[in-house]
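Coordinates as given in coords-v9.csv (CSV, C-alpha atoms):
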chain,number,residue,atom,x,y,z
A,1,MET,CA,3.7,5.8,20.9
A,2,ARG,CA,1.7,4.0,18.3
A,3,ASN,CA,0.7,0.5,19.3
A,4,ILE,CA,0.4,-1.9,16.3
A,5,LEU,CA,-0.7,-5.5,16.1
A,6,VAL,CA,0.1,-7.7,13.1
A,7,LEU,CA,-1.8,-11.0,12.8
A,8,GLY,CA,0.7,-13.0,10.8
A,9,GLY,CA,3.9,-11.2,10.0
A,10,THR,CA,6.6,-13.8,9.9
A,11,ARG,CA,7.0,-14.3,6.2
A,12,PHE,CA,6.7,-12.6,2.8
A,13,PHE,CA,5.0,-9.2,2.7
A,14,GLY,CA,3.8,-9.5,6.3
A,15,LYS,CA,7.4,-9.8,7.4
A,16,ARG,CA,8.3,-6.8,5.2
A,17,LEU,CA,5.4,-4.8,6.8
A,18,VAL,CA,6.8,-5.5,10.3
A,19,GLU,CA,10.3,-4.5,9.1
A,20,ARG,CA,8.8,-1.3,7.7
A,21,LEU,CA,7.1,-0.5,11.0
A,22,PHE,CA,10.5,-0.9,12.8
A,23,GLN,CA,11.7,2.3,11.0
A,24,ASP,CA,9.3,4.4,13.1
A,25,ALA,CA,10.9,5.1,16.5
A,26,ASP,CA,7.5,5.9,18.1
A,27,THR,CA,5.9,2.5,17.2
A,28,GLN,CA,5.6,-0.6,19.2
A,29,VAL,CA,4.9,-3.7,17.1
A,30,THR,CA,3.3,-6.9,18.4
A,31,ILE,CA,3.0,-10.0,16.1
A,32,LEU,CA,0.4,-12.7,16.7
A,33,THR,CA,1.3,-16.1,15.2
A,34,ARG,CA,1.2,-19.7,16.1
A,35,GLY,CA,4.9,-19.5,16.9
A,36,ILE,CA,5.9,-22.1,14.3
A,37,THR,CA,7.9,-19.9,11.9
A,38,LYS,CA,10.9,-18.2,13.4
A,39,ASP,CA,10.8,-14.5,12.7
A,40,GLY,CA,14.3,-13.2,13.3
A,41,PHE,CA,13.0,-10.0,14.8
A,42,GLY,CA,14.7,-10.5,18.1
A,43,SER,CA,13.7,-8.1,20.9
A,44,ARG,CA,12.2,-5.5,18.5
A,45,VAL,CA,8.7,-7.1,18.7
A,46,ASN,CA,6.4,-8.3,21.3
A,47,ARG,CA,5.1,-11.8,20.5
A,48,LEU,CA,1.7,-13.5,21.1
A,49,ASN,CA,1.8,-17.1,20.2
A,50,VAL,CA,-1.8,-18.3,19.6
A,51,ASP,CA,-3.9,-19.9,16.9
A,52,ARG,CA,-6.1,-17.1,15.7
A,53,THR,CA,-8.8,-19.6,14.7
A,54,ASP,CA,-9.3,-20.2,18.5
A,55,ALA,CA,-11.4,-17.3,19.4
A,56,LYS,CA,-11.1,-17.8,23.2
A,57,ALA,CA,-7.4,-18.0,23.0
A,58,LEU,CA,-7.2,-15.0,20.8
A,59,ALA,CA,-9.3,-12.9,23.2
A,60,GLU,CA,-7.2,-14.0,26.1
A,61,ALA,CA,-4.0,-13.1,24.3
A,62,VAL,CA,-4.9,-9.6,23.3
A,63,ARG,CA,-7.0,-8.9,26.4
A,64,ASP,CA,-8.0,-5.2,26.7
A,65,THR,CA,-4.9,-3.7,25.0
A,66,VAL,CA,-5.7,-0.7,22.8
A,67,TRP,CA,-4.3,-0.9,19.2
A,68,ASP,CA,-3.9,2.1,16.9
A,69,VAL,CA,-3.9,-0.3,14.0
A,70,VAL,CA,-4.6,-4.0,13.7
A,71,TYR,CA,-3.3,-5.6,10.5
A,72,ASP,CA,-4.9,-8.9,9.8
A,73,ASN,CA,-3.0,-10.9,7.2
A,74,ILE,CA,-4.4,-14.3,8.1
A,75,CYS,CA,-8.2,-14.1,8.1
A,76,PHE,CA,-9.7,-16.6,5.7
A,77,SER,CA,-13.3,-17.1,7.0
A,78,PRO,CA,-16.3,-15.3,8.2
A,79,ASP,CA,-16.0,-17.0,11.6
A,80,GLU,CA,-12.5,-15.6,12.0
A,81,ALA,CA,-13.7,-12.2,11.0
A,82,ALA,CA,-16.7,-12.3,13.3
A,83,ALA,CA,-14.5,-13.3,16.2
A,84,ALA,CA,-12.2,-10.4,15.5
A,85,SER,CA,-15.1,-8.0,15.3
A,86,ARG,CA,-16.2,-9.0,18.8
A,87,ILE,CA,-12.7,-9.2,20.4
A,88,PHE,CA,-11.4,-5.9,19.0
A,89,ALA,CA,-14.8,-4.0,19.2
A,90,GLU,CA,-13.6,-1.7,22.0
A,91,THR,CA,-9.8,-1.8,21.4
A,92,ALA,CA,-9.0,-1.4,17.7
A,93,LYS,CA,-8.9,2.2,16.4
A,94,ARG,CA,-8.4,0.9,12.9
A,95,TYR,CA,-8.5,-2.5,11.3
A,96,ILE,CA,-6.9,-3.5,8.0
A,97,LEU,CA,-7.8,-6.8,6.4
A,98,THR,CA,-5.6,-8.3,3.8
A,99,SER,CA,-8.0,-9.5,1.1
A,100,SER,CA,-7.5,-10.6,-2.5
A,101,LEU,CA,-8.1,-10.1,-6.2
A,102,SER,CA,-9.8,-13.5,-5.8
A,103,VAL,CA,-13.0,-11.9,-4.5
A,104,TYR,CA,-13.6,-10.9,-8.1
A,105,ASP,CA,-14.5,-13.3,-10.9
A,106,PRO,CA,-12.2,-13.0,-13.9
A,107,GLY,CA,-13.6,-11.1,-16.9
A,108,PRO,CA,-12.8,-9.1,-20.0
A,109,GLY,CA,-12.7,-5.7,-18.3
A,110,ILE,CA,-10.8,-3.9,-15.5
A,111,LEU,CA,-12.1,-4.7,-12.1
A,112,ARG,CA,-13.2,-1.9,-9.7
A,113,GLU,CA,-14.1,-2.2,-6.0
A,114,ALA,CA,-17.8,-2.0,-6.9
A,115,ASP,CA,-17.6,-5.2,-8.9
A,116,PHE,CA,-17.8,-7.1,-5.7
A,117,ASP,CA,-19.8,-5.3,-3.0
A,118,PRO,CA,-19.4,-6.9,0.4
A,119,LEU,CA,-22.0,-4.7,1.9
A,120,SER,CA,-24.7,-6.4,-0.1
A,121,PHE,CA,-23.2,-9.9,-0.2
A,122,PRO,CA,-25.4,-12.5,1.6
A,123,LEU,CA,-23.7,-13.3,4.9
A,124,ARG,CA,-23.1,-16.9,6.0
A,125,LEU,CA,-20.9,-17.9,8.9
A,126,GLY,CA,-18.5,-20.8,8.9
A,127,ALA,CA,-14.9,-21.9,9.3
A,128,LYS,CA,-12.1,-21.8,6.7
A,129,GLU,CA,-12.7,-25.4,5.6
A,130,ASP,CA,-16.4,-24.7,4.8
A,131,PHE,CA,-15.5,-22.4,1.9
A,132,ASN,CA,-13.2,-22.1,-1.0
A,133,TYR,CA,-10.6,-19.3,-0.9
A,134,GLN,CA,-12.7,-16.8,-2.9
A,135,GLU,CA,-15.8,-17.4,-0.8
A,136,GLY,CA,-13.9,-17.2,2.5
A,137,LYS,CA,-12.4,-13.9,1.6
A,138,ARG,CA,-15.7,-12.5,0.3
A,139,LEU,CA,-17.4,-13.4,3.6
A,140,ALA,CA,-14.6,-12.1,5.8
A,141,GLU,CA,-14.9,-8.8,4.0
A,142,THR,CA,-18.6,-8.8,4.5
A,143,VAL,CA,-18.4,-9.4,8.2
A,144,LEU,CA,-15.7,-6.9,9.0
A,145,LEU,CA,-17.2,-4.1,6.8
A,146,THR,CA,-20.8,-4.6,7.9
A,147,GLN,CA,-20.6,-5.7,11.5
A,148,ALA,CA,-17.4,-4.3,13.1
A,149,ALA,CA,-17.6,-1.3,15.4
A,150,PHE,CA,-14.2,-0.1,14.3
A,151,PRO,CA,-13.2,1.6,11.1
A,152,ALA,CA,-12.0,-1.1,8.6
A,153,ALA,CA,-10.4,-1.4,5.2
A,154,ALA,CA,-10.1,-4.5,3.1
A,155,VAL,CA,-7.0,-4.4,0.8
A,156,ARG,CA,-7.5,-6.4,-2.3
A,157,PHE,CA,-4.0,-7.6,-3.5
A,158,PRO,CA,-3.4,-9.5,-6.7
A,159,ILE,CA,-0.6,-12.1,-6.9
A,160,VAL,CA,2.3,-10.9,-4.8
A,161,LEU,CA,5.7,-11.5,-6.2
A,162,GLY,CA,9.3,-11.2,-4.9
A,163,THR,CA,12.5,-13.1,-4.2
A,164,ASP,CA,10.9,-14.0,-0.8
A,165,ASP,CA,7.8,-15.6,-2.3
A,166,TYR,CA,7.3,-18.8,-0.5
A,167,THR,CA,4.6,-20.0,-3.0
A,168,LYS,CA,7.3,-20.2,-5.7
A,169,ARG,CA,4.7,-19.6,-8.5
A,170,LEU,CA,6.9,-17.4,-10.6
A,171,HIS,CA,9.8,-19.8,-9.8
A,172,PHE,CA,7.7,-22.5,-11.4
A,173,HIS,CA,7.7,-20.8,-14.8
A,174,ILE,CA,11.4,-20.0,-14.8
A,175,GLU,CA,12.3,-23.5,-13.8
A,176,HIS,CA,10.1,-25.0,-16.5
A,177,VAL,CA,11.7,-22.8,-19.1
A,178,LEU,CA,15.2,-23.6,-17.9
A,179,GLU,CA,14.5,-27.3,-18.0
A,180,GLY,CA,12.7,-27.3,-21.3
A,181,LYS,CA,9.4,-28.5,-19.8
A,182,ALA,CA,6.1,-27.6,-21.4
A,183,ILE,CA,3.9,-25.2,-19.5
A,184,GLY,CA,0.1,-25.4,-19.7
A,185,VAL,CA,-1.5,-22.0,-20.4
A,186,PRO,CA,-5.2,-22.0,-21.4
A,187,ASN,CA,-5.1,-18.3,-22.6
A,188,PRO,CA,-1.7,-16.7,-23.2
A,189,GLY,CA,-3.4,-13.4,-23.8
A,190,ALA,CA,-5.1,-13.2,-20.5
A,191,LEU,CA,-4.1,-10.0,-18.6
A,192,ILE,CA,-3.3,-10.1,-14.9
A,193,SER,CA,-2.3,-7.7,-12.1
A,194,PHE,CA,0.7,-8.1,-9.8
A,195,ILE,CA,2.3,-6.3,-6.9
A,196,ARG,CA,5.8,-6.7,-5.4
A,197,SER,CA,6.1,-7.8,-1.8
A,198,ASP,CA,7.9,-4.7,-0.6
A,199,GLU,CA,5.3,-2.6,-2.4
A,200,ALA,CA,2.5,-4.5,-0.7
A,201,ALA,CA,4.1,-3.9,2.6
A,202,ASP,CA,4.5,-0.2,1.9
A,203,PHE,CA,0.9,0.1,0.9
A,204,LEU,CA,-0.3,-1.6,4.1
A,205,TYR,CA,2.0,0.7,6.2
A,206,GLY,CA,0.6,3.8,4.5
A,207,LEU,CA,-2.9,2.7,4.9
A,208,GLY,CA,-2.4,2.6,8.6
A,209,PHE,CA,-2.1,6.4,8.6
A,210,SER,CA,-5.0,6.9,6.1
A,211,GLN,CA,-8.7,7.2,6.7
A,212,LEU,CA,-9.5,5.2,3.6
A,213,ALA,CA,-12.1,2.6,4.4
A,214,GLY,CA,-14.0,-0.2,2.8
A,215,PRO,CA,-12.6,-2.3,-0.1
A,216,VAL,CA,-9.6,-0.9,-1.8
A,217,ASN,CA,-7.6,-2.4,-4.8
A,218,ALA,CA,-3.8,-2.2,-4.6
A,219,CYS,CA,-1.5,-3.4,-7.5
A,220,SER,CA,1.4,-2.2,-9.5
A,221,ASP,CA,0.6,0.1,-12.5
A,222,GLY,CA,0.1,-1.9,-15.6
A,223,THR,CA,-0.7,-5.5,-16.5
A,224,LEU,CA,1.0,-8.4,-18.2
A,225,ALA,CA,-0.4,-11.2,-20.3
A,226,ILE,CA,0.7,-14.7,-19.3
A,227,GLY,CA,2.3,-15.0,-22.7
A,228,ASP,CA,4.3,-11.8,-22.1
A,229,ILE,CA,5.6,-13.2,-18.8
A,230,LEU,CA,6.9,-16.3,-20.6
A,231,ASN,CA,8.5,-14.1,-23.3
A,232,ILE,CA,10.3,-12.1,-20.7
A,233,ILE,CA,11.5,-15.3,-19.1
A,234,GLY,CA,12.7,-16.5,-22.5
A,235,GLN,CA,14.7,-13.2,-23.0
A,236,LYS,CA,16.3,-13.4,-19.6
A,237,THR,CA,17.2,-17.1,-19.8
A,238,GLY,CA,18.0,-17.4,-23.5
A,239,ARG,CA,15.5,-20.3,-23.8
A,240,GLU,CA,12.1,-20.3,-25.4
A,241,ALA,CA,9.2,-21.3,-23.4
A,242,VAL,CA,7.3,-24.4,-24.5
A,243,VAL,CA,3.6,-23.5,-24.2
A,244,LEU,CA,0.7,-25.9,-24.6
A,245,SER,CA,-3.0,-25.3,-23.9
A,246,GLU,CA,-3.2,-28.4,-21.8
A,247,THR,CA,-0.7,-30.4,-19.9
A,248,ALA,CA,-0.5,-32.7,-16.9
A,249,ASP,CA,-1.8,-31.0,-13.8
A,250,GLN,CA,1.6,-30.5,-12.3
A,251,ASP,CA,2.8,-28.6,-15.4
A,252,MET,CA,-0.2,-26.2,-15.7
A,253,SER,CA,0.7,-22.6,-15.0
A,254,PRO,CA,-0.3,-21.2,-11.6
A,255,PHE,CA,-1.1,-18.1,-13.6
A,256,GLY,CA,-3.0,-20.0,-16.2
A,257,ILE,CA,-6.4,-18.2,-16.2
A,258,GLU,CA,-8.9,-18.5,-19.0
A,259,GLU,CA,-10.0,-14.8,-18.8
A,260,SER,CA,-8.2,-11.6,-17.8
A,261,TRP,CA,-8.1,-10.7,-14.1
A,262,TYR,CA,-6.8,-7.2,-13.4
A,263,MET,CA,-7.7,-4.3,-11.2
A,264,ASP,CA,-8.3,-0.6,-11.2
A,265,THR,CA,-6.6,1.4,-8.5
A,266,ALA,CA,-8.3,4.8,-8.9
A,267,LYS,CA,-9.7,4.7,-5.4
A,268,ALA,CA,-6.3,4.3,-3.8
A,269,ARG,CA,-4.6,6.8,-6.1
A,270,GLY,CA,-7.3,9.3,-5.4
A,271,ALA,CA,-6.4,9.0,-1.7
A,272,GLY,CA,-2.7,9.9,-2.6
A,273,PHE,CA,-1.2,6.4,-3.0
A,274,GLN,CA,1.2,5.7,-5.8
A,275,PHE,CA,2.3,2.4,-7.2
A,276,LEU,CA,5.4,1.0,-8.9
A,277,LYS,CA,5.4,0.4,-12.7
A,278,LEU,CA,5.1,-3.3,-13.4
A,279,ALA,CA,6.9,-3.0,-16.7
A,280,GLU,CA,10.0,-1.7,-14.8
A,281,TRP,CA,10.4,-4.1,-11.9
A,282,PHE,CA,9.0,-7.3,-13.3
A,283,PRO,CA,11.9,-8.0,-15.8
A,284,GLU,CA,14.4,-7.2,-13.1
A,285,LEU,CA,12.8,-9.7,-10.8
A,286,ILE,CA,12.8,-12.4,-13.6
A,287,GLY,CA,16.5,-11.7,-14.2
A,288,GLU,CA,17.4,-12.1,-10.5
A,289,LEU,CA,15.4,-15.3,-10.1
A,290,ALA,CA,16.7,-16.8,-13.3
A,291,THR,CA,20.3,-16.3,-12.3
A,292,GLU,CA,19.6,-17.9,-8.9
A,293,LEU,CA,17.6,-20.8,-10.3
A,294,ASN,CA,20.0,-21.4,-13.2
A,295,ALA,CA,22.9,-21.7,-10.7
A,296,SER,CA,20.9,-24.1,-8.6
A,297,LEU,CA,20.0,-26.2,-11.7
A,298,ARG,CA,23.7,-26.5,-12.6
A,299,LYS,CA,24.6,-27.7,-9.1
A,300,ARG,CA,22.1,-30.4,-9.4
A,301,GLU,CA,23.5,-31.5,-12.8
Output the structure of this file as structure tokens.
Amino acid sequence: MRNILVLGGTRFFGKRLVERLFQDADTQVTILTRGITKDGFGSRVNRLNVDRTDAKALAEAVRDTVWDVVYDNICFSPDEAAAASRIFAETAKRYILTSSLSVYDPGPGILREADFDPLSFPLRLGAKEDFNYQEGKRLAETVLLTQAAFPAAAVRFPIVLGTDDYTKRLHFHIEHVLEGKAIGVPNPGALISFIRSDEAADFLYGLGFSQLAGPVNACSDGTLAIGDILNIIGQKTGREAVVLSETADQDMSPFGIEESWYMDTAKARGAGFQFLKLAEWFPELIGELATELNASLRKRE
């Protein structure tokens, strides 16, 4: 029986990961959350309700249970990573940190794992509020990959999309197009990587059986320019996007980067992982969301 711990796991790709783990009859899944979001998993999971930023409470919750894999979807600071390194030092056989494309600075070329090396990054400790998102993730990687006694991987995901995306960043663009509102885009030609929520969950699941360690990029095959995204939305809605280089802050695109920001997945593919084709699933997702949002807009009218 495999014993799996998921820190987080009640929404988006974390929830999909838990559901994927349910498909294995020989796997016992435990989720660790604050207990605020209802999960709907019923008796299929064990639950530990604790704030993971409270190191003492985290240690008491997990005690000396041995975990075949610990998936950490909610680590945002070096202090949290350092606590996990101590607490799971003798009990985690494998540790998988959900990291981010954000550890990289945007640039003109494709981004490879070596473009941010956590092994040589200057270590500083601190809580989540002491750092911006990029710095917090960089330092969390640095702690886990240089100080932990257990084998660890840091999965660098780009923007994750899906019908279950609670951030509603793609929804923002579709709603603006449907309502004829201008969208602020500094560079419509900037390329960006994406991954679908179920694809992200499947990658995490597979990585639990892999020996792949260290930082690893994971994204769908291909890229899209921000301008291409808006063109696809226009095709699916029948309405042309109104694009300006600058708008009020609330109308600036959440994807509105000034330089390209996309990743190479050769390391993961070399270990046998495969990825979905972005050009195939992205228009389908736009169509599904556009239908839903258009219906909602008509109800409001």
### Query
Between A:Asp164, A:Glu113, A:Asp228, A:Glu80, which has the minimum distance to A:Leu289 (counting all atoms listed in the file)?
A:Asp164
### Query
So which residues touch stretch 252-258 of chain A within 10 Å, counting all atoms listed in the file, skipping near sequence neighbours fewer than 5 positions away, as a VMD selection string?
chain A and resid 106 to 107 159 167 to 170 172 to 173 176 182 to 192 225 to 227 229 243 to 247
### Query
With only C-alpha atoms as the atoms that count, which of A:Ala154, A:Ala82, A:Ile286, A:Ala218 lies nearest to A:Arg124?
A:Ala82
### Pairwise distance for atom CA of A:Arg16 and atom CA of A:Gly287, rounded to one decimal in Å
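The value is 21.6 Å.
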### Message
Rounded to one decimal, what separation in Å do you get between atom CA of A:Leu207 and atom CA of A:Asp117?
### Response
20.3 Å
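One distance worth recording is that between atom CA of A:Phe157 and atom CA of A:Asn217, which is 6.5 Å.
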### Task
Show which residues sit within 8 Å of A:Leu111, as JSON, numbers by chain. Count all atoms listed in the file, and ignore same-chain residues fewer than 5 positions away.
{"A": [104, 261, 262, 263, 264]}
### Query
Between A:Ala149, A:Leu7, A:Asp51, A:Leu123, which is the closest to A:Glu90 once you count only C-alpha atoms?
A:Ala149
### Residue list as a PyMOL selection string for point (3.5, -5.2, -5.6), cut-off 10 Å, only C-alpha atoms
chain A and resi 13+157-162+193-203+218-221+275-278+281-282
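All protein, DNA and RNA residues at most 10 Å from (12.2, -14.4, -20.0) are A:His173, A:Ile174, A:Val177, A:Leu178, A:Asp228, A:Ile229, A:Leu230, A:Asn231, A:Ile232, A:Ile233, A:Gly234, A:Gln235, A:Lys236, A:Thr237, A:Gly238, A:Arg239, A:Glu240, A:Ala241, A:Pro283, A:Ile286, A:Gly287, A:Ala290, using all atoms listed in the file.
Counting all atoms listed in the file and comparing A:Thr223, A:Ser85, A:Ser43, A:Asn294, the residue that lies closest to A:Ala59 is A:Ser85.
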